[in-house]
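Contents: one structure, followed by commentary.
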Amino acid sequence: MDFRLKPVAFSDLPGWTEDDPTALLEAMGRCRAHIVAAKPYRTGSLGIAADELLPALAAATEYSPAGPAQARVFFENWFKPFLIVKSDGAKGFVTAYYEPEVQVRAEPDAEFRFPFYRRPDDMIDIDDTTRPTGFDPYFAFGRVREGKIEEYPDRSAIDQGLLEGRGLEIAYARSKVDVFFIHVQGAARLLYADGSVRRITYAAKTGHRFSPIGKLLIERGEIDAASVSMGSIRDWLSRHPEQVDEVLWHNRSYIFFRDAPVDDLWLGPVAAAKVPIVAGRSLAVDRLTHTFGTPFFIRSEGLTHLDGGKPFARAMLALDTGSAIVGPNRGDIFTGSGDTAGALAGHVRNAADFYVFVPRAIAQRFEHGEG
């Protein structure tokens, strides 16, 4: 591995004594319920297995703290914090994402004509047992054509009508750009004209690598790297409608959705960990490295707008992942749902320290570098 874990004390975590990790406890209980009822989460290369998290997850379901201090005691009793240190000395990095809300129609018309698609029935899962020789190992999906597994067609092909007439449309938005950014976020609340609300969440993707259009516009000199954000990208696209397709098609990855219940408007969508994510407390991580259900403490001196001007310092739970989230100390913070959450998320691009909470029962294994 290109990183190591440095053991630290909870007293060494800047901002820990001011944090209130209470919200993590219910989320941990939901993780436990999923593991018991369905299946364990995949073990990341760091080496924390789901069954090693289970005792703490189970204890969280029974713990009712009287306040923030008692909530912190729970984590201090069950976990040992370790700072993730990259071999090259590179700092960790956080961005943020949110659940958009978008006006839609159930049927297309002259204004609402850009679809959200369900997973196509000709899409297949690919793993190490089915992947053809020479096929990019990144691809987890593909299709069978004339008896051979091949890449699923990309964003350009789908936008130009590949899936039309197959009954895969969930709803229609008025903006192709809105659809694109909901693909980036991976979920959305759909607001219908009759006042009803539905939720869609990630179901599958074409498999092509995520290619950020912000980076493309920076390289072309269209947007300054210091000010790039979702807002600045949207503004550029609105001023250059003739280039929208070309720029969006640069990101060949295309996301398919499924219906998800809106049982609790205070909770976010069900994400990769198969449980609802929690605004401000859910972290998307590299699932090849980390195991869902693992707590973290994230500290970012420069990230201040999420906490009223104070440096960001919060306990968080690994509940999601993303194509752009690669590396042991790379994370994506879920800021919530709607436009306000989107405004918060769009300005998060900050260096951060990542402390992973290892269950105390196995902490000695990590203190000696065995993993």
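In the structure tokens, chains take the letters A, B, ... in the order shown, each chain's residues start at 1, and ligands count up from 1 in the order shown.
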Restrict the calculation to only C-alpha atoms, then for each residue of segment 33-69 of chain A with any atom at most 8 Å from an atom of segment 8-26 of chain A give the closest atom pair and their distance in Å to one decimal, rows by chain and rising residue number, as JSON lines.
{"residue": "A:Leu57", "atom": "CA", "partner": "A:Leu25", "partner_atom": "CA", "distance": 8.0}
{"residue": "A:Ala60", "atom": "CA", "partner": "A:Leu25", "partner_atom": "CA", "distance": 5.1}
{"residue": "A:Thr61", "atom": "CA", "partner": "A:Glu26", "partner_atom": "CA", "distance": 6.5}
{"residue": "A:Tyr63", "atom": "CA", "partner": "A:Leu25", "partner_atom": "CA", "distance": 7.7}
{"residue": "A:Pro65", "atom": "CA", "partner": "A:Thr22", "partner_atom": "CA", "distance": 7.5}
{"residue": "A:Gly67", "atom": "CA", "partner": "A:Thr22", "partner_atom": "CA", "distance": 7.8}
{"residue": "A:Pro68", "atom": "CA", "partner": "A:Asp20", "partner_atom": "CA", "distance": 4.6}
{"residue": "A:Ala69", "atom": "CA", "partner": "A:Asp20", "partner_atom": "CA", "distance": 7.4}
Writer output for current selection, all heavy atoms, as a PDB file, in the first residue's frame:
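Written file, part.pdb:
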ATOM      1  N   LEU A  57     -21.158  -1.763  15.751  1.00  0.00           N
ATOM      2  CA  LEU A  57     -22.410  -1.384  15.095  1.00  0.00           C
ATOM      3  C   LEU A  57     -23.601  -1.837  15.937  1.00  0.00           C
ATOM      4  O   LEU A  57     -24.595  -1.121  16.076  1.00  0.00           O
ATOM      5  CB  LEU A  57     -22.483  -1.995  13.697  1.00  0.00           C
ATOM      6  CG  LEU A  57     -21.398  -1.585  12.696  1.00  0.00           C
ATOM      7  CD1 LEU A  57     -21.617  -2.276  11.353  1.00  0.00           C
ATOM      8  CD2 LEU A  57     -21.352  -0.074  12.524  1.00  0.00           C
ATOM      9  N   ALA A  60     -24.003   0.366  18.969  1.00  0.00           N
ATOM     10  CA  ALA A  60     -24.551   1.675  18.630  1.00  0.00           C
ATOM     11  C   ALA A  60     -26.072   1.670  18.639  1.00  0.00           C
ATOM     12  O   ALA A  60     -26.716   2.681  18.963  1.00  0.00           O
ATOM     13  CB  ALA A  60     -24.032   2.122  17.263  1.00  0.00           C
ATOM     14  N   THR A  61     -26.673   0.531  18.283  1.00  0.00           N
ATOM     15  CA  THR A  61     -28.135   0.454  18.247  1.00  0.00           C
ATOM     16  C   THR A  61     -28.743   0.514  19.640  1.00  0.00           C
ATOM     17  O   THR A  61     -29.914   0.859  19.788  1.00  0.00           O
ATOM     18  CB  THR A  61     -28.591  -0.848  17.551  1.00  0.00           C
ATOM     19  OG1 THR A  61     -28.217  -1.974  18.348  1.00  0.00           O
ATOM     20  CG2 THR A  61     -27.965  -0.986  16.167  1.00  0.00           C
ATOM     21  N   TYR A  63     -27.226   2.220  22.255  1.00  0.00           N
ATOM     22  CA  TYR A  63     -26.636   3.320  23.013  1.00  0.00           C
ATOM     23  C   TYR A  63     -27.464   4.589  22.839  1.00  0.00           C
ATOM     24  O   TYR A  63     -27.761   4.992  21.708  1.00  0.00           O
ATOM     25  CB  TYR A  63     -25.203   3.559  22.543  1.00  0.00           C
ATOM     26  CG  TYR A  63     -24.379   4.452  23.444  1.00  0.00           C
ATOM     27  CD1 TYR A  63     -23.896   3.981  24.651  1.00  0.00           C
ATOM     28  CD2 TYR A  63     -24.091   5.762  23.081  1.00  0.00           C
ATOM     29  CE1 TYR A  63     -23.132   4.789  25.486  1.00  0.00           C
ATOM     30  CE2 TYR A  63     -23.324   6.578  23.890  1.00  0.00           C
ATOM     31  CZ  TYR A  63     -22.860   6.099  25.103  1.00  0.00           C
ATOM     32  OH  TYR A  63     -22.104   6.898  25.917  1.00  0.00           O
ATOM     33  N   PRO A  65     -27.049   8.276  24.094  1.00  0.00           N
ATOM     34  CA  PRO A  65     -26.271   9.275  24.832  1.00  0.00           C
ATOM     35  C   PRO A  65     -27.142  10.430  25.310  1.00  0.00           C
ATOM     36  O   PRO A  65     -28.108  10.823  24.659  1.00  0.00           O
ATOM     37  CB  PRO A  65     -25.250   9.750  23.793  1.00  0.00           C
ATOM     38  CG  PRO A  65     -25.916   9.526  22.473  1.00  0.00           C
ATOM     39  CD  PRO A  65     -26.721   8.269  22.659  1.00  0.00           C
ATOM     40  N   GLY A  67     -26.010  13.391  25.621  1.00  0.00           N
ATOM     41  CA  GLY A  67     -25.523  14.597  24.963  1.00  0.00           C
ATOM     42  C   GLY A  67     -24.279  14.293  24.158  1.00  0.00           C
ATOM     43  O   GLY A  67     -23.818  13.140  24.095  1.00  0.00           O
ATOM     44  N   PRO A  68     -23.687  15.309  23.518  1.00  0.00           N
ATOM     45  CA  PRO A  68     -22.507  15.108  22.667  1.00  0.00           C
ATOM     46  C   PRO A  68     -21.346  14.432  23.386  1.00  0.00           C
ATOM     47  O   PRO A  68     -20.655  13.597  22.800  1.00  0.00           O
ATOM     48  CB  PRO A  68     -22.142  16.526  22.226  1.00  0.00           C
ATOM     49  CG  PRO A  68     -23.426  17.285  22.295  1.00  0.00           C
ATOM     50  CD  PRO A  68     -24.162  16.714  23.463  1.00  0.00           C
ATOM     51  N   ALA A  69     -21.107  14.802  24.643  1.00  0.00           N
ATOM     52  CA  ALA A  69     -19.971  14.233  25.368  1.00  0.00           C
ATOM     53  C   ALA A  69     -20.115  12.724  25.513  1.00  0.00           C
ATOM     54  O   ALA A  69     -19.156  11.968  25.320  1.00  0.00           O
ATOM     55  CB  ALA A  69     -19.818  14.895  26.740  1.00  0.00           C
TER      56      ALA A  69
END
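Omitting Thr133 of chain A and its sequence neighbours fewer than 6 positions away, and counting only C-alpha atoms, the residues within 12 Å are Asp127, Lys148, Ile149 and Glu150 of chain A.
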Using only C-alpha atoms, pick whichever of A:Pro261, A:Gly165, A:Gly331, A:Gly268 has the shortest atom-to-atom distance to Ala284 of chain A.
A:Gly331
At a cut-off of 12 Å, using only C-alpha atoms, what residues contact segment 221-225 of chain A? Leave out same-chain residues fewer than 5 positions from it and give the result as JSON, numbers by chain.
{"A": [213, 214, 215, 216, 230, 231, 232, 233, 234, 235, 236, 237, 239, 240, 247, 349]}
Go ahead and save the residues from that selection, with N, CA, C and O atoms, as a compact mmCIF listing (two decimals), in the first residue's frame.
# COMPACT_ATOMS: atom_id res chain seq x y z
N ILE A 213 -15.84 17.32 -16.52
CA ILE A 213 -15.88 18.36 -17.54
C ILE A 213 -15.27 19.66 -17.01
O ILE A 213 -14.84 20.50 -17.81
N GLY A 214 -15.24 19.84 -15.69
CA GLY A 214 -14.57 21.01 -15.16
C GLY A 214 -13.10 21.03 -15.52
O GLY A 214 -12.54 22.07 -15.89
N LYS A 215 -12.46 19.86 -15.41
CA LYS A 215 -11.05 19.76 -15.78
C LYS A 215 -10.85 20.07 -17.26
O LYS A 215 -9.89 20.75 -17.64
N LEU A 216 -11.78 19.60 -18.10
CA LEU A 216 -11.70 19.88 -19.53
C LEU A 216 -11.76 21.39 -19.79
O LEU A 216 -10.95 21.93 -20.57
N MET A 230 -19.38 23.77 -9.48
CA MET A 230 -20.55 23.39 -10.24
C MET A 230 -21.26 24.62 -10.79
O MET A 230 -21.74 24.63 -11.93
N GLY A 231 -21.30 25.68 -9.99
CA GLY A 231 -21.95 26.91 -10.43
C GLY A 231 -21.26 27.54 -11.62
O GLY A 231 -21.91 27.99 -12.56
N SER A 232 -19.94 27.59 -11.58
CA SER A 232 -19.21 28.21 -12.69
C SER A 232 -19.31 27.37 -13.96
O SER A 232 -19.35 27.90 -15.07
N ILE A 233 -19.35 26.04 -13.79
CA ILE A 233 -19.51 25.16 -14.96
C ILE A 233 -20.90 25.34 -15.57
O ILE A 233 -21.06 25.46 -16.79
N ARG A 234 -21.93 25.38 -14.73
CA ARG A 234 -23.28 25.60 -15.22
C ARG A 234 -23.39 26.94 -15.95
O ARG A 234 -24.04 27.04 -17.00
N ASP A 235 -22.78 27.95 -15.38
CA ASP A 235 -22.83 29.27 -16.00
C ASP A 235 -22.18 29.25 -17.38
O ASP A 235 -22.73 29.82 -18.34
N TRP A 236 -21.03 28.58 -17.49
CA TRP A 236 -20.36 28.50 -18.79
C TRP A 236 -21.23 27.76 -19.80
O TRP A 236 -21.36 28.19 -20.96
N LEU A 237 -21.85 26.66 -19.38
CA LEU A 237 -22.69 25.90 -20.30
C LEU A 237 -23.89 26.71 -20.75
O LEU A 237 -24.31 26.63 -21.92
N ARG A 239 -24.00 29.83 -21.21
CA ARG A 239 -23.53 30.87 -22.14
C ARG A 239 -22.99 30.30 -23.45
O ARG A 239 -22.70 31.05 -24.38
N HIS A 240 -22.84 28.97 -23.52
CA HIS A 240 -22.31 28.33 -24.72
C HIS A 240 -23.18 27.14 -25.10
O HIS A 240 -22.71 25.99 -25.13
N VAL A 247 -19.19 19.10 -24.76
CA VAL A 247 -18.57 19.11 -23.44
C VAL A 247 -19.12 17.99 -22.58
O VAL A 247 -18.37 17.25 -21.93
N ARG A 349 -13.68 22.00 -2.05
CA ARG A 349 -12.49 21.40 -2.68
C ARG A 349 -11.31 21.74 -1.78
O ARG A 349 -10.62 22.74 -1.98
From the options A:Ala90, A:Ala188, A:Ser227, A:Pro115, which residue's atoms come nearest to Gly161 of chain A, counting only C-alpha atoms?
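The answer is A:Pro115, which sits nearest to Gly161 of chain A.
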Taking the DSSP assignment computed from this structure's backbone, write out as a compact mmCIF listing (two decimals) with C-alpha atoms, in the first residue's frame all residues of segment 95-242 of chain A that belong to alpha helix (DSSP H).
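What landed in selection-v6.txt:
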# COMPACT_ATOMS: atom_id res chain seq x y z
CA ARG A 155 -23.18 9.05 -23.12
CA SER A 156 -23.01 10.31 -26.70
CA ALA A 157 -24.80 7.26 -28.09
CA ILE A 158 -27.48 7.31 -25.41
CA ASP A 159 -28.11 11.05 -25.74
CA LYS A 176 -30.04 18.21 -20.37
CA VAL A 177 -27.57 19.94 -18.06
CA ASP A 178 -29.78 19.18 -15.03
CA VAL A 179 -29.84 15.51 -16.03
CA PHE A 180 -26.06 15.50 -16.40
CA PHE A 181 -25.39 16.94 -12.96
CA ILE A 182 -27.84 14.52 -11.37
CA HIS A 183 -25.77 11.78 -13.01
CA VAL A 184 -22.74 13.27 -11.25
CA GLN A 185 -24.55 13.36 -7.89
CA ILE A 213 -15.88 18.36 -17.54
CA GLY A 214 -14.57 21.01 -15.16
CA LYS A 215 -11.05 19.76 -15.78
CA LEU A 216 -11.70 19.88 -19.53
CA LEU A 217 -12.84 23.51 -19.35
CA ILE A 218 -9.82 24.43 -17.21
CA GLU A 219 -7.46 22.83 -19.71
CA MET A 230 -20.55 23.39 -10.24
CA GLY A 231 -21.95 26.91 -10.43
CA SER A 232 -19.21 28.21 -12.69
CA ILE A 233 -19.51 25.16 -14.96
CA ARG A 234 -23.28 25.60 -15.22
CA ASP A 235 -22.83 29.27 -16.00
CA TRP A 236 -20.36 28.50 -18.79
CA LEU A 237 -22.69 25.90 -20.30
CA SER A 238 -25.63 28.32 -20.23
CA ARG A 239 -23.53 30.87 -22.14
